[in-house]
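Undergrad: Before we start, here is the structure in question, set down as C-alpha cells.
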Amino acid sequence: MHDIVLERLIVGPFSVNCYLLGCSKSQKMAVIDPGGEIDTIWQKIQRIGYSFEYIINTHGHPDHTAGNMELKQKSQAKILAHPDDVAMMTNKENLLSSILFEAKPSPPPDQLITEGQVITLGDISLKVLHTPGHSPGGICLLSGDIIFTGDTLFADGIGRTDFPGGNYTQLISSIKNKLYTLDDQLRILPGHGEESTLGKEKRNNPFVRAD
Ligand SMILES: [Zn+2]
Ligand SMILES: [Zn+2]
C-alpha cells in the first residue's frame with residue numbers, strides 16, 4: 001500500500017463511520033459517507049490540507065449522505081454514488097429522511113459509479129463492487145488491503161434489509177459472491193461500528209459465513 005492518510009470520524013445520530021482517505025504523494029483526498037457533523041469533518045479536511053476531490057457515498061441512506069449538500073457547498077469536491085440509489089438520496093420526500101432527520105436531501109451525484117469502476121486518488125485506487133441488498137445501489141470500495149463495506153457487512157453483523165429497496169436474499173448473495181471470495185487478510189472498514197477482517201467474518205459472522 002502506498003502512503004495513505006486514513007482517518008475515521010463517527011458522525012450523526014446513527015454513529016456513521018465517515019472515513020477521510022488521502023494520498024500523501026499527490027496530496028489528494030476523498031471523504032466517504034459524510035453523514036453529519038460537517039463542521040468537524042471540514043476542520044479535519046483542512047487540517048489534512050490536501051486537495052479535496054470526492055465525496056463518495058457507499059449508499060443513499062440519509063445517515064450516510066446527510067452532509068453531502070453542506071460539504072459540497074464548501075468545496076469543489078464531486079459527489080460519487082451508484083445510480084440505483086440516486087432517487088433515494090436526492091428525494092426530499094424520502095421516507096427515511098423524514099423519519100430519521102429533518103430532510104436533508106443530497107444534490108445529485110456529479111459522477112455515477114458502477115460495478116468494476118475504479119476511482120483514482122493519486123496513487124490510491126478504489127475499485128467499486130456493487131453489493132445490493134441493504135439498498136439497491138449499495139457499494140463496497142476495495143483499495144489494496146482495505147475494503148470499505150458501508151452497511152453491507154459489519155464486524156459480527158450485516159446490513160438491515162427492512163428499509164425500502166432492501167432485499168435479504170440479494171444481501172446474502174452480495175456478501176457471499178462479491179466479498180467472501182476476496183482475501184482473508186482484507187481489513188474491513190464498515191459504515192457503523194468497529195473494523196474487522198474478512199477472514200474473521202467468513203469464519204464467525206453470525207448471519208453469513210463462507211460455505
Ligand atoms: Zn444504510
Ligand atoms: Zn447506515
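Labeling convention for the C-alpha cells: chains A, B, ... as they appear, residues from 1 per chain, ligands from 1 in order of appearance.
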Produce a table with one row for each residue of region 52-140 of chain A that has an atom at most 10 Å from any atom of region 173-195 of chain A, each row naming the nearest atom pair and its distance in Å at one decimal; use only C-alpha atoms; arrange rows by chain and rising residue number; format as a Markdown table.
TA:
```
| residue | atom | partner | partner_atom | distance |
| --- | --- | --- | --- | --- |
| A:Thr58 | CA | A:Gly191 | CA | 8.1 |
| A:His59 | CA | A:Gly191 | CA | 9.8 |
| A:Asp63 | CA | A:Gly191 | CA | 9.7 |
| A:His64 | CA | A:Gly191 | CA | 8.2 |
| A:Leu129 | CA | A:Lys178 | CA | 7.2 |
| A:His130 | CA | A:Ser174 | CA | 8.0 |
| A:Thr131 | CA | A:Ser174 | CA | 4.9 |
| A:Pro132 | CA | A:Ser174 | CA | 6.4 |
| A:Gly133 | CA | A:Ser174 | CA | 7.2 |
| A:His134 | CA | A:Ser174 | CA | 9.8 |
| A:Gly138 | CA | A:Ser174 | CA | 9.8 |
| A:Ile139 | CA | A:Ser174 | CA | 9.7 |
| A:Cys140 | CA | A:Leu179 | CA | 8.7 |
```
Undergrad: Go through region 10-174 of chain A and collect every residue that DSSP, computed from the backbone, puts in strand (DSSP E); the answer should be as a ChimeraX atom specification.
TA: /A:10-11,16-23,28-32,51-56,78-81,111-112,118-121,124-130,139-143,146-150,153-154,157-158
Undergrad: How would the residues just chosen look if you wrote them out with N, CA and C atoms as a short mmCIF file (atom, residue, chain, number, x, y, z; two decimals), in the first residue's frame?
TA:
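Listed below is the output, selection_35.cif:
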```cif
data_model
loop_
_atom_site.label_atom_id
_atom_site.label_comp_id
_atom_site.auth_asym_id
_atom_site.auth_seq_id
_atom_site.Cartn_x
_atom_site.Cartn_y
_atom_site.Cartn_z
N ILE A 10 -16.72 9.47 13.73
CA ILE A 10 -18.05 8.89 13.96
C ILE A 10 -19.03 10.04 14.05
N VAL A 11 -19.98 10.10 13.09
CA VAL A 11 -20.83 11.29 12.98
C VAL A 11 -22.32 10.96 12.99
N VAL A 16 -22.48 7.05 12.25
CA VAL A 16 -21.92 6.58 10.99
C VAL A 16 -20.41 6.78 11.00
N ASN A 17 -19.69 5.79 10.46
CA ASN A 17 -18.26 5.95 10.26
C ASN A 17 -18.03 6.74 8.98
N CYS A 18 -17.52 7.95 9.14
CA CYS A 18 -17.13 8.76 8.00
C CYS A 18 -15.61 8.63 7.87
N TYR A 19 -15.15 8.21 6.70
CA TYR A 19 -13.71 8.00 6.51
C TYR A 19 -13.12 9.09 5.64
N LEU A 20 -11.97 9.59 6.05
CA LEU A 20 -11.20 10.52 5.24
C LEU A 20 -10.00 9.76 4.72
N LEU A 21 -9.86 9.74 3.41
CA LEU A 21 -8.81 8.95 2.78
C LEU A 21 -7.99 9.87 1.89
N GLY A 22 -6.66 9.84 2.08
CA GLY A 22 -5.82 10.73 1.29
C GLY A 22 -4.56 10.04 0.80
N CYS A 23 -4.04 10.53 -0.32
CA CYS A 23 -2.77 10.05 -0.87
C CYS A 23 -1.72 11.12 -0.55
N LYS A 28 -4.03 14.36 -2.60
CA LYS A 28 -5.44 14.38 -2.95
C LYS A 28 -6.21 13.56 -1.92
N MET A 29 -7.45 13.95 -1.65
CA MET A 29 -8.21 13.19 -0.66
C MET A 29 -9.69 13.08 -1.03
N ALA A 30 -10.34 12.15 -0.35
CA ALA A 30 -11.77 11.93 -0.53
C ALA A 30 -12.40 11.71 0.84
N VAL A 31 -13.69 11.96 0.92
CA VAL A 31 -14.45 11.67 2.14
C VAL A 31 -15.51 10.64 1.78
N ILE A 32 -15.56 9.58 2.56
CA ILE A 32 -16.56 8.54 2.36
C ILE A 32 -17.65 8.70 3.40
N SER A 51 -5.91 18.40 -1.47
CA SER A 51 -6.95 18.79 -2.40
C SER A 51 -8.14 17.81 -2.26
N PHE A 52 -9.31 18.35 -1.97
CA PHE A 52 -10.47 17.53 -1.65
C PHE A 52 -11.24 17.23 -2.94
N GLU A 53 -11.11 15.99 -3.43
CA GLU A 53 -11.60 15.64 -4.76
C GLU A 53 -13.02 15.06 -4.77
N TYR A 54 -13.27 14.14 -3.85
CA TYR A 54 -14.51 13.37 -3.96
C TYR A 54 -15.24 13.20 -2.64
N ILE A 55 -16.58 13.24 -2.73
CA ILE A 55 -17.46 12.78 -1.66
C ILE A 55 -18.03 11.47 -2.20
N ILE A 56 -17.72 10.37 -1.55
CA ILE A 56 -18.19 9.07 -2.05
C ILE A 56 -19.21 8.51 -1.07
N LYS A 78 -16.47 16.43 -5.96
CA LYS A 78 -17.53 15.80 -6.74
C LYS A 78 -18.19 14.70 -5.92
N ILE A 79 -19.51 14.62 -6.01
CA ILE A 79 -20.25 13.55 -5.34
C ILE A 79 -20.30 12.33 -6.25
N LEU A 80 -19.91 11.17 -5.71
CA LEU A 80 -19.94 9.92 -6.46
C LEU A 80 -20.87 8.93 -5.75
N ALA A 81 -21.79 8.34 -6.51
CA ALA A 81 -22.69 7.34 -5.93
C ALA A 81 -23.18 6.41 -7.04
N GLN A 111 -20.98 12.27 -10.59
CA GLN A 111 -20.48 11.13 -11.36
C GLN A 111 -21.10 9.87 -10.79
N LEU A 112 -21.59 9.00 -11.67
CA LEU A 112 -22.17 7.73 -11.22
C LEU A 112 -21.08 6.67 -11.23
N VAL A 118 -13.09 2.07 -11.31
CA VAL A 118 -12.01 2.38 -10.38
C VAL A 118 -11.94 3.90 -10.18
N ILE A 119 -11.99 4.30 -8.91
CA ILE A 119 -11.86 5.71 -8.57
C ILE A 119 -10.39 5.93 -8.21
N THR A 120 -9.78 6.93 -8.83
CA THR A 120 -8.35 7.16 -8.60
C THR A 120 -8.15 8.41 -7.77
N LEU A 121 -7.26 8.27 -6.81
CA LEU A 121 -6.94 9.37 -5.90
C LEU A 121 -5.41 9.38 -5.78
N ILE A 124 -3.70 6.08 -4.93
CA ILE A 124 -4.71 5.19 -4.36
C ILE A 124 -5.77 4.90 -5.41
N SER A 125 -6.13 3.62 -5.54
CA SER A 125 -7.27 3.32 -6.39
C SER A 125 -8.32 2.58 -5.57
N LEU A 126 -9.56 2.92 -5.83
CA LEU A 126 -10.69 2.32 -5.13
C LEU A 126 -11.56 1.62 -6.17
N LYS A 127 -11.63 0.31 -6.07
CA LYS A 127 -12.45 -0.43 -7.02
C LYS A 127 -13.87 -0.58 -6.47
N VAL A 128 -14.83 -0.27 -7.32
CA VAL A 128 -16.24 -0.31 -6.92
C VAL A 128 -16.80 -1.72 -7.08
N LEU A 129 -17.34 -2.26 -5.98
CA LEU A 129 -18.06 -3.54 -6.04
C LEU A 129 -19.52 -3.24 -5.73
N HIS A 130 -20.40 -3.55 -6.67
CA HIS A 130 -21.82 -3.31 -6.42
C HIS A 130 -22.35 -4.44 -5.55
N ILE A 139 -22.63 -0.07 -2.43
CA ILE A 139 -21.34 -0.48 -2.98
C ILE A 139 -20.34 -0.72 -1.86
N CYS A 140 -19.31 -1.51 -2.17
CA CYS A 140 -18.13 -1.60 -1.33
C CYS A 140 -16.96 -1.06 -2.15
N LEU A 141 -15.95 -0.57 -1.47
CA LEU A 141 -14.80 0.03 -2.15
C LEU A 141 -13.54 -0.70 -1.72
N LEU A 142 -12.89 -1.31 -2.70
CA LEU A 142 -11.71 -2.13 -2.43
C LEU A 142 -10.45 -1.36 -2.81
N SER A 143 -9.55 -1.24 -1.83
CA SER A 143 -8.33 -0.48 -2.08
C SER A 143 -7.16 -1.16 -1.37
N ILE A 146 -7.49 -2.95 2.09
CA ILE A 146 -8.63 -2.38 2.82
C ILE A 146 -9.89 -2.52 1.98
N ILE A 147 -11.02 -2.79 2.64
CA ILE A 147 -12.29 -2.69 1.93
C ILE A 147 -13.29 -1.92 2.80
N PHE A 148 -13.87 -0.89 2.20
CA PHE A 148 -14.92 -0.13 2.86
C PHE A 148 -16.23 -0.83 2.52
N THR A 149 -16.96 -1.30 3.54
CA THR A 149 -18.12 -2.15 3.26
C THR A 149 -19.46 -1.46 3.49
N GLY A 150 -19.46 -0.17 3.82
CA GLY A 150 -20.74 0.53 4.01
C GLY A 150 -21.62 -0.21 4.98
N LEU A 153 -21.67 -5.16 5.13
CA LEU A 153 -21.07 -6.11 6.08
C LEU A 153 -20.41 -5.37 7.23
N PHE A 154 -20.76 -5.77 8.45
CA PHE A 154 -20.18 -5.19 9.67
C PHE A 154 -19.36 -6.25 10.40
N GLY A 157 -21.86 -8.60 11.93
CA GLY A 157 -23.21 -8.22 11.52
C GLY A 157 -23.33 -8.01 10.02
N ILE A 158 -24.58 -7.83 9.60
CA ILE A 158 -24.87 -7.48 8.21
C ILE A 158 -25.89 -6.35 8.22
#
```
Undergrad: What lies within 8 Å of Lys104 (chain A) using only C-alpha atoms, ignoring chain neighbours under 5 positions off, as a list in words?
TA: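 Final neighbour list, sorted by chain and number: Pro62, Ala66, Gly67, Met69, Lys92 and Ser97 of chain A.
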Undergrad: Could you tell me how far CA of Leu171 (chain A) sits from CA of Asn68 (chain A), in Å to one decimal place?
TA: 25.4 Å
Undergrad: Select, from A:Asp162, A:Asp151, A:Glu201, A:Glu7, the residue with the minimum atom-to-atom distance to ligand 2, counting only C-alpha atoms and all ligand atoms.
TA: A:Asp151
Undergrad: Between CA of Leu198 (chain A) and CA of Glu115 (chain A), what is the distance, to one decimal in Å?
TA: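 A separation of 19.9 Å between them.
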Undergrad: What is the CA of Asp123 (chain A)-CA of Gly60 (chain A) distance in Å, reported with one decimal?
TA: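 Separation of CA of Asp123 (chain A) and CA of Gly60 (chain A): 27.0 Å.
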Undergrad: Smallest atom-to-atom distance to ligand 1: which of A:Ile38, A:Ala210, A:Met89, A:Ala77, using only C-alpha atoms and all ligand atoms?
TA: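 Closest to ligand 1, using only C-alpha atoms and all ligand atoms: A:Met89.
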Undergrad: I need the residue nearest ligand 2 from this list: A:His82, A:Lys202, A:His61, A:Arg47. Use only C-alpha atoms and all ligand atoms for the distance.
TA: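 Comparing A:His82, A:Lys202, A:His61, A:Arg47 against ligand 2, the winner is A:His61.
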Undergrad: Compare A:Ser196, A:Gln46, A:Phe207, A:Ser15 by their minimum atom-to-atom distance to ligand 1, counting only C-alpha atoms and all ligand atoms, and give me the closest one.
TA: A:Ser15
Undergrad: When you count only C-alpha atoms and all ligand atoms, which of these residues is closest to ligand 1: A:Arg203, A:Lys74, A:Arg209, A:Arg160?
TA: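 Nearest to ligand 1: A:Arg160.
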Undergrad: Quick one: pick out all alpha helix (DSSP H) residues within region 16-111 of chain A from a backbone DSSP run and write them as number ranges by chain.
TA: A: 38-48, 62-65, 68-74, 86-90, 95-100
